[in-house]
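Text of structure_28.csv, listed as CSV, C-alpha atoms:
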chain,number,residue,atom,x,y,z
Z,848,SER,CA,2.0,-16.9,-6.0
Z,849,ASP,CA,0.4,-18.6,-2.9
Z,850,GLU,CA,3.1,-17.1,-0.6
Z,851,VAL,CA,2.6,-13.6,-1.9
Z,852,THR,CA,-1.2,-13.9,-1.7
Z,853,ALA,CA,-0.9,-15.0,2.0
Z,854,SER,CA,1.5,-12.2,2.8
Z,855,LEU,CA,-0.4,-9.3,1.2
Z,856,GLY,CA,-4.0,-10.6,1.8
Z,857,SER,CA,-5.0,-10.2,-1.8
Z,858,PRO,CA,-4.9,-12.7,-4.7
Z,859,ALA,CA,-1.5,-12.4,-6.5
Z,860,GLN,CA,-0.2,-13.0,-9.9
Z,861,VAL,CA,3.5,-13.7,-10.4
Z,862,GLU,CA,5.0,-13.4,-13.9
Z,863,LEU,CA,8.5,-14.4,-14.8
Z,864,GLY,CA,10.5,-12.6,-17.5
Z,865,ALA,CA,11.3,-13.9,-20.9
Z,866,ARG,CA,14.2,-16.0,-19.8
Z,867,PRO,CA,13.6,-19.8,-20.4
Z,868,VAL,CA,12.4,-21.4,-17.1
Z,869,ILE,CA,14.8,-24.4,-17.6
Z,870,LEU,CA,17.8,-22.0,-17.6
Z,871,SER,CA,16.4,-20.2,-14.5
Z,872,TYR,CA,16.1,-23.6,-12.8
Z,873,ILE,CA,19.7,-24.6,-13.7
Z,874,ASP,CA,21.6,-21.4,-12.7
Z,875,GLY,CA,19.2,-19.7,-10.3
Z,876,ASN,CA,18.9,-16.6,-12.3
Z,877,LEU,CA,15.3,-15.5,-12.8
Z,878,GLY,CA,16.0,-12.2,-14.5
Z,879,SER,CA,12.8,-10.2,-13.9
Z,880,VAL,CA,9.7,-11.0,-11.8
Z,881,ARG,CA,6.4,-9.0,-11.7
Z,882,ILE,CA,4.0,-9.3,-8.9
Z,883,THR,CA,0.5,-7.9,-9.0
Z,884,THR,CA,-2.6,-8.0,-6.7
Z,885,ASP,CA,-6.1,-6.7,-7.5
Z,886,GLY,CA,-6.9,-5.5,-4.0
Z,887,SER,CA,-9.7,-7.9,-3.4
Z,888,ALA,CA,-9.5,-10.0,-0.2
Z,889,ALA,CA,-7.9,-13.4,-0.4
Z,890,ASP,CA,-9.6,-16.4,1.2
Z,891,GLY,CA,-9.1,-16.1,4.9
Z,892,ALA,CA,-8.0,-12.5,4.7
Z,893,THR,CA,-9.9,-9.8,6.6
Z,894,GLY,CA,-10.2,-6.1,5.7
Z,895,PRO,CA,-9.4,-4.1,2.6
Z,896,ALA,CA,-6.0,-4.3,0.8
Z,897,PRO,CA,-4.3,-2.1,-1.7
Z,898,GLN,CA,-3.6,-3.1,-5.3
Z,899,ILE,CA,0.1,-3.9,-5.7
Z,900,ASP,CA,2.2,-3.8,-8.9
Z,901,ILE,CA,5.9,-4.5,-8.4
Z,902,ARG,CA,8.7,-5.4,-10.8
Z,903,ALA,CA,11.9,-6.9,-9.6
Z,904,ASP,CA,15.0,-7.0,-11.9
Z,905,GLY,CA,18.2,-8.9,-11.5
Z,906,VAL,CA,16.6,-11.7,-9.5
Z,907,ARG,CA,18.8,-14.7,-8.6
Z,908,THR,CA,18.7,-17.4,-6.0
Z,909,GLU,CA,21.6,-18.8,-4.0
Z,910,GLY,CA,20.6,-21.4,-1.4
Z,911,ASP,CA,17.9,-20.0,0.9
Z,912,LEU,CA,18.5,-16.4,-0.2
Z,913,THR,CA,17.2,-14.5,-3.2
Z,914,TYR,CA,19.0,-11.4,-4.4
Z,915,VAL,CA,17.3,-8.5,-6.2
Z,916,ASP,CA,19.3,-5.8,-8.0
Z,917,SER,CA,16.4,-3.4,-8.2
Z,918,LEU,CA,12.8,-3.3,-7.3
Z,919,THR,CA,10.1,-0.7,-8.2
Z,920,GLY,CA,6.4,-0.5,-8.0
Z,921,THR,CA,3.2,1.1,-6.8
Z,922,ALA,CA,0.5,0.4,-4.3
Z,923,PHE,CA,-2.9,1.9,-5.3
Z,924,VAL,CA,-5.6,2.4,-2.8
Z,925,SER,CA,-9.1,3.2,-4.1
Z,926,GLU,CA,-11.5,5.7,-2.6
Z,927,GLN,CA,-13.8,2.7,-1.6
Z,928,THR,CA,-10.9,0.9,0.0
Z,929,MET,CA,-9.8,3.9,2.0
Z,930,SER,CA,-13.3,4.6,3.2
Z,931,ALA,CA,-13.7,1.0,4.3
Z,932,ALA,CA,-10.4,1.1,6.1
Z,933,ALA,CA,-11.3,4.3,8.0
Z,934,GLN,CA,-14.7,3.0,8.9
Z,935,SER,CA,-13.5,-0.4,10.1
Z,936,GLU,CA,-10.9,1.1,12.4
Z,937,GLY,CA,-13.5,3.5,13.8
Z,938,ALA,CA,-15.9,0.5,14.4
Z,939,ALA,CA,-13.1,-1.5,16.1
Z,940,GLY,CA,-13.2,0.6,19.3
Z,941,ASP,CA,-11.4,3.8,19.7
Z,942,THR,CA,-13.5,6.0,17.5
Z,943,LEU,CA,-12.6,9.6,16.6
Z,944,LEU,CA,-13.8,12.0,19.3
Z,945,GLY,CA,-15.8,9.3,21.1
Z,946,GLY,CA,-17.9,8.4,18.0
Z,947,LEU,CA,-18.8,12.0,17.1
Z,948,ILE,CA,-16.7,11.8,13.9
Z,949,GLN,CA,-17.2,8.9,11.5
Z,950,VAL,CA,-15.7,8.8,8.0
Z,951,GLN,CA,-18.5,8.2,5.5
Z,952,GLU,CA,-16.9,8.7,2.2
Z,953,ILE,CA,-13.5,9.7,0.7
Z,954,ILE,CA,-13.2,11.4,-2.7
Z,955,ALA,CA,-9.9,11.9,-4.5
Z,956,ASP,CA,-9.2,15.4,-5.9
Z,957,PRO,CA,-6.1,14.8,-8.1
Z,958,ALA,CA,-5.9,18.5,-9.3
Z,959,ALA,CA,-5.5,19.7,-5.7
Z,960,GLY,CA,-3.5,16.6,-4.5
Z,961,THR,CA,-6.0,16.1,-1.7
Z,962,LEU,CA,-8.6,13.7,-0.4
Z,963,ARG,CA,-12.0,15.2,0.5
Z,964,VAL,CA,-13.5,13.3,3.5
Z,965,SER,CA,-17.2,13.4,4.3
Z,966,ILE,CA,-17.6,13.2,8.0
Z,967,SER,CA,-20.8,12.1,9.8
Z,968,GLY,CA,-22.9,13.7,7.0
Z,969,LEU,CA,-22.3,17.0,8.7
Z,970,ALA,CA,-19.0,18.3,7.4
Z,971,GLU,CA,-16.2,17.7,4.9
Z,972,ALA,CA,-12.5,17.7,5.8
Z,973,VAL,CA,-9.6,18.1,3.3
Z,974,VAL,CA,-6.6,15.8,3.9
Z,975,THR,CA,-3.2,15.8,2.1
Z,976,PRO,CA,-1.3,12.5,2.0
Z,977,ARG,CA,2.5,13.1,2.4
Z,978,LEU,CA,5.7,11.2,2.9
Z,979,ILE,CA,7.5,12.4,6.0
Z,980,GLY,CA,10.7,10.6,6.9
Z,981,GLY,CA,9.7,7.7,4.6
Z,982,ASP,CA,6.4,7.2,6.4
Z,983,LEU,CA,2.9,7.8,5.0
Z,984,GLU,CA,1.0,10.5,6.9
Z,985,MET,CA,-2.4,12.1,6.4
Z,986,GLN,CA,-2.2,15.8,7.1
Z,987,PRO,CA,-5.6,17.5,7.7
Z,988,GLU,CA,-5.8,20.9,6.0
Z,989,GLN,CA,-8.9,21.9,7.8
Z,990,ALA,CA,-8.2,22.6,11.5
Z,991,SER,CA,-11.5,21.5,13.1
Z,992,ILE,CA,-14.9,19.9,12.5
Z,993,LEU,CA,-17.8,21.3,14.4
Z,994,GLY,CA,-15.4,23.2,16.6
Z,995,PHE,CA,-13.4,20.0,17.5
Z,996,PRO,CA,-9.8,19.8,16.3
Z,997,LEU,CA,-9.1,16.9,14.0
Z,998,PRO,CA,-7.2,14.2,15.9
Z,999,SER,CA,-3.8,13.0,14.7
Z,1000,GLU,CA,-5.1,9.5,13.9
Z,1001,PHE,CA,-7.6,10.9,11.4
Z,1002,LEU,CA,-7.8,8.3,8.5
Z,1003,GLY,CA,-5.7,6.1,10.7
Z,1004,GLY,CA,-7.3,3.0,9.1
Z,1005,THR,CA,-5.9,3.9,5.7
Z,1006,VAL,CA,-2.4,4.4,7.2
Z,1007,SER,CA,-2.7,1.1,9.2
Z,1008,MET,CA,-3.7,-0.8,6.1
Z,1009,MET,CA,-0.8,0.6,4.1
Z,1010,ASP,CA,1.6,-0.1,7.0
Z,1011,SER,CA,0.4,-3.7,7.1
Z,1012,ALA,CA,0.8,-4.2,3.4
Z,1013,LEU,CA,4.2,-2.5,3.2
Z,1014,ALA,CA,5.5,-4.4,6.3
Z,1015,GLU,CA,5.2,-7.6,4.2
Z,1016,LEU,CA,7.6,-6.1,1.6
Z,1017,PRO,CA,11.3,-6.9,2.0
Z,1018,GLU,CA,13.6,-5.0,4.2
Z,1019,GLY,CA,15.3,-2.3,2.2
Z,1020,VAL,CA,12.2,-1.4,0.2
Z,1021,GLN,CA,11.2,2.2,0.8
Z,1022,LEU,CA,8.3,4.5,0.0
Z,1023,THR,CA,9.5,7.0,-2.6
Z,1024,GLY,CA,6.4,9.0,-3.4
Z,1025,VAL,CA,2.7,9.5,-2.8
Z,1026,ARG,CA,0.1,11.1,-5.0
Z,1027,VAL,CA,-3.6,11.5,-5.3
Z,1028,VAL,CA,-4.9,10.1,-8.6
Z,1029,PRO,CA,-8.3,9.7,-10.1
Z,1030,GLY,CA,-10.3,7.2,-7.9
Z,1031,GLY,CA,-7.8,7.1,-5.1
Z,1032,MET,CA,-4.1,7.3,-4.0
Z,1033,THR,CA,-0.9,5.8,-5.3
Z,1034,VAL,CA,2.2,5.1,-3.3
Z,1035,ASP,CA,5.5,4.5,-5.1
Z,1036,ILE,CA,7.9,1.8,-3.9
Z,1037,ALA,CA,11.6,1.3,-4.7
Z,1038,GLY,CA,14.6,-0.8,-3.4
Z,1039,GLN,CA,18.2,-1.6,-4.4
Z,1040,ASP,CA,20.3,-4.6,-3.6
Z,1041,VAL,CA,17.4,-6.3,-1.7
Z,1042,VAL,CA,18.0,-9.7,-0.1
Z,1043,LEU,CA,15.0,-12.1,0.5
Z,1044,GLU,CA,15.2,-15.0,2.9
Z,1045,ALA,CA,13.2,-18.2,2.1
Z,1046,THR,CA,10.2,-18.8,4.3
Z,1047,GLU,CA,9.1,-22.2,5.7

Please express what this file holds, its structure, as structure tokens.
Amino acid sequence: SDEVTASLGSPAQVELGARPVILSYIDGNLGSVRITTDGSAADGATGPAPQIDIRADGVRTEGDLTYVDSLTGTAFVSEQTMSAAAQSEGAAGDTLLGGLIQVQEIIADPAAGTLRVSISGLAEAVVTPRLIGGDLEMQPEQASILGFPLPSEFLGGTVSMMDSALAELPEGVQLTGVRVVPGGMTVDIAGQDVVLEATE
């Protein structure tokens, strides 16, 4: 639990399956493991984090390696978390259009599958989250704001936050879907025959 909390930047809960712990200790077979985070920042962590809910099945350990037969889960990012991520990246330096465009609020529109983004209190953009080549991308549906084209890094803070969280997941775990849901956006995660290496 401590290791996952440190990796994902949000307090984590780790639940083991119904198999007796003493048997798991003897033969190294954990069965199933569920990991969840609530999205709040852990002690020492900075910036917003997504809420993670992952289930791993067929988990067994051999020496310093842990083998997972299959892994599925979701990462949920709330409207508030996306707004904070977009604002923090803009405040960090290279702001959109030299500071003319600042994200103020992001509202999910599940029926349309889009995010409505309030910009500088002057305009609203519509953005569609998509998976392209296994990567999360935010595609603006509105070509320009106040006559300026929307830059490719629009909502880059949200993408950066997701990239950071997903980079902490094991190699072989992939994004399999993204959808706008009430209150935010959910990304689906899956992996097969995943190998984890013990950390110091």

Surrounding residues of Z:Met1032 excluding itself and chain neighbours under 2 positions, 7 Å, only C-alpha atoms, as a PDB file with C-alpha atoms, in the coordinates of the input:
ATOM      1  CA  PHE Z 923      -2.900   1.900  -5.300  1.00  0.00           C
ATOM      2  CA  VAL Z 924      -5.600   2.400  -2.800  1.00  0.00           C
ATOM      3  CA  SER Z 925      -9.100   3.200  -4.100  1.00  0.00           C
ATOM      4  CA  ARG Z1026       0.100  11.100  -5.000  1.00  0.00           C
ATOM      5  CA  VAL Z1027      -3.600  11.500  -5.300  1.00  0.00           C
ATOM      6  CA  VAL Z1028      -4.900  10.100  -8.600  1.00  0.00           C
ATOM      7  CA  VAL Z1034       2.200   5.100  -3.300  1.00  0.00           C
TER       8      VAL Z1034
END

ask   = Interatomic distance between atom CA of Z:Ala896 and atom CA of Z:Asp956?
value =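 Rounded to one decimal, the two atoms are 21.1 Å apart.
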
request  = Find the residues around Z:Gln927 up to 9 Å (only C-alpha atoms counted), leave out those fewer than 6 positions away in its own chain, and share them as an NGL selection string.
outcome  = :Z and (952-954 or 1030-1031)

Residues within 10 Å of (1.4, -3.0, -6.6), file coordinates, counting only C-alpha atoms: what are they? Give the list as a compact mmCIF listing (two decimals) with C-alpha atoms, in the coordinates of the input.
# COMPACT_ATOMS: atom_id res chain seq x y z
CA ALA Z 859 -1.50 -12.40 -6.50
CA ARG Z 881 6.40 -9.00 -11.70
CA ILE Z 882 4.00 -9.30 -8.90
CA THR Z 883 0.50 -7.90 -9.00
CA THR Z 884 -2.60 -8.00 -6.70
CA ASP Z 885 -6.10 -6.70 -7.50
CA GLY Z 886 -6.90 -5.50 -4.00
CA PRO Z 897 -4.30 -2.10 -1.70
CA GLN Z 898 -3.60 -3.10 -5.30
CA ILE Z 899 0.10 -3.90 -5.70
CA ASP Z 900 2.20 -3.80 -8.90
CA ILE Z 901 5.90 -4.50 -8.40
CA ARG Z 902 8.70 -5.40 -10.80
CA THR Z 919 10.10 -0.70 -8.20
CA GLY Z 920 6.40 -0.50 -8.00
CA THR Z 921 3.20 1.10 -6.80
CA ALA Z 922 0.50 0.40 -4.30
CA PHE Z 923 -2.90 1.90 -5.30
CA VAL Z 924 -5.60 2.40 -2.80
CA THR Z 1033 -0.90 5.80 -5.30
CA VAL Z 1034 2.20 5.10 -3.30
CA ASP Z 1035 5.50 4.50 -5.10
CA ILE Z 1036 7.90 1.80 -3.90

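Going from atom CA of Z:Ser1011 over to atom CA of Z:Val950, you cover 20.4 Å.
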
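Minimum distance to Z:Thr961 across Z:Arg907, Z:Leu1022, Z:Pro1029, Z:Gly1003 (counting all atoms listed in the file) occurs at Z:Pro1029.
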
inquiry  = Using all atoms listed in the file, can you tell me which of Z:Asp916, Z:Asp890, Z:Glu984, Z:Glu926 comes closest to Z:Gly1019?
reply    =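 With all atoms listed in the file as the atom set, the closest residue is Z:Asp916.
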
query = When distances are computed from all atoms listed in the file, which of Z:Asp982, Z:Glu971, Z:Asp911, Z:Glu988 shows the smallest separation from Z:Thr1023?
reply = Z:Asp982

key: Å distance separating atom CA of Z:Arg963 from atom CA of Z:Pro895, one decimal place   =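 Answer for the atom CA of Z:Arg963 to atom CA of Z:Pro895 separation: 19.6 Å.
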
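Among Z:Val1020, Z:Val1025, Z:Leu969, Z:Ile979, the residue with the shortest atom-to-atom distance to Z:Ala903, counting all atoms listed in the file, is Z:Val1020.
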
Residue among Z:Ala931, Z:Ala955, Z:Ala1037, Z:Leu1002 lying closest to Z:Gly981, counting all atoms listed in the file =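 Ranking Z:Ala931, Z:Ala955, Z:Ala1037, Z:Leu1002 by distance to Z:Gly981, first place goes to Z:Ala1037.
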
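Distance annotation: of Z:Val880, Z:Ala959, Z:Ala889, Z:Met929, the residue with the minimal separation from Z:Asp849 is Z:Ala889; atom set is all atoms listed in the file.
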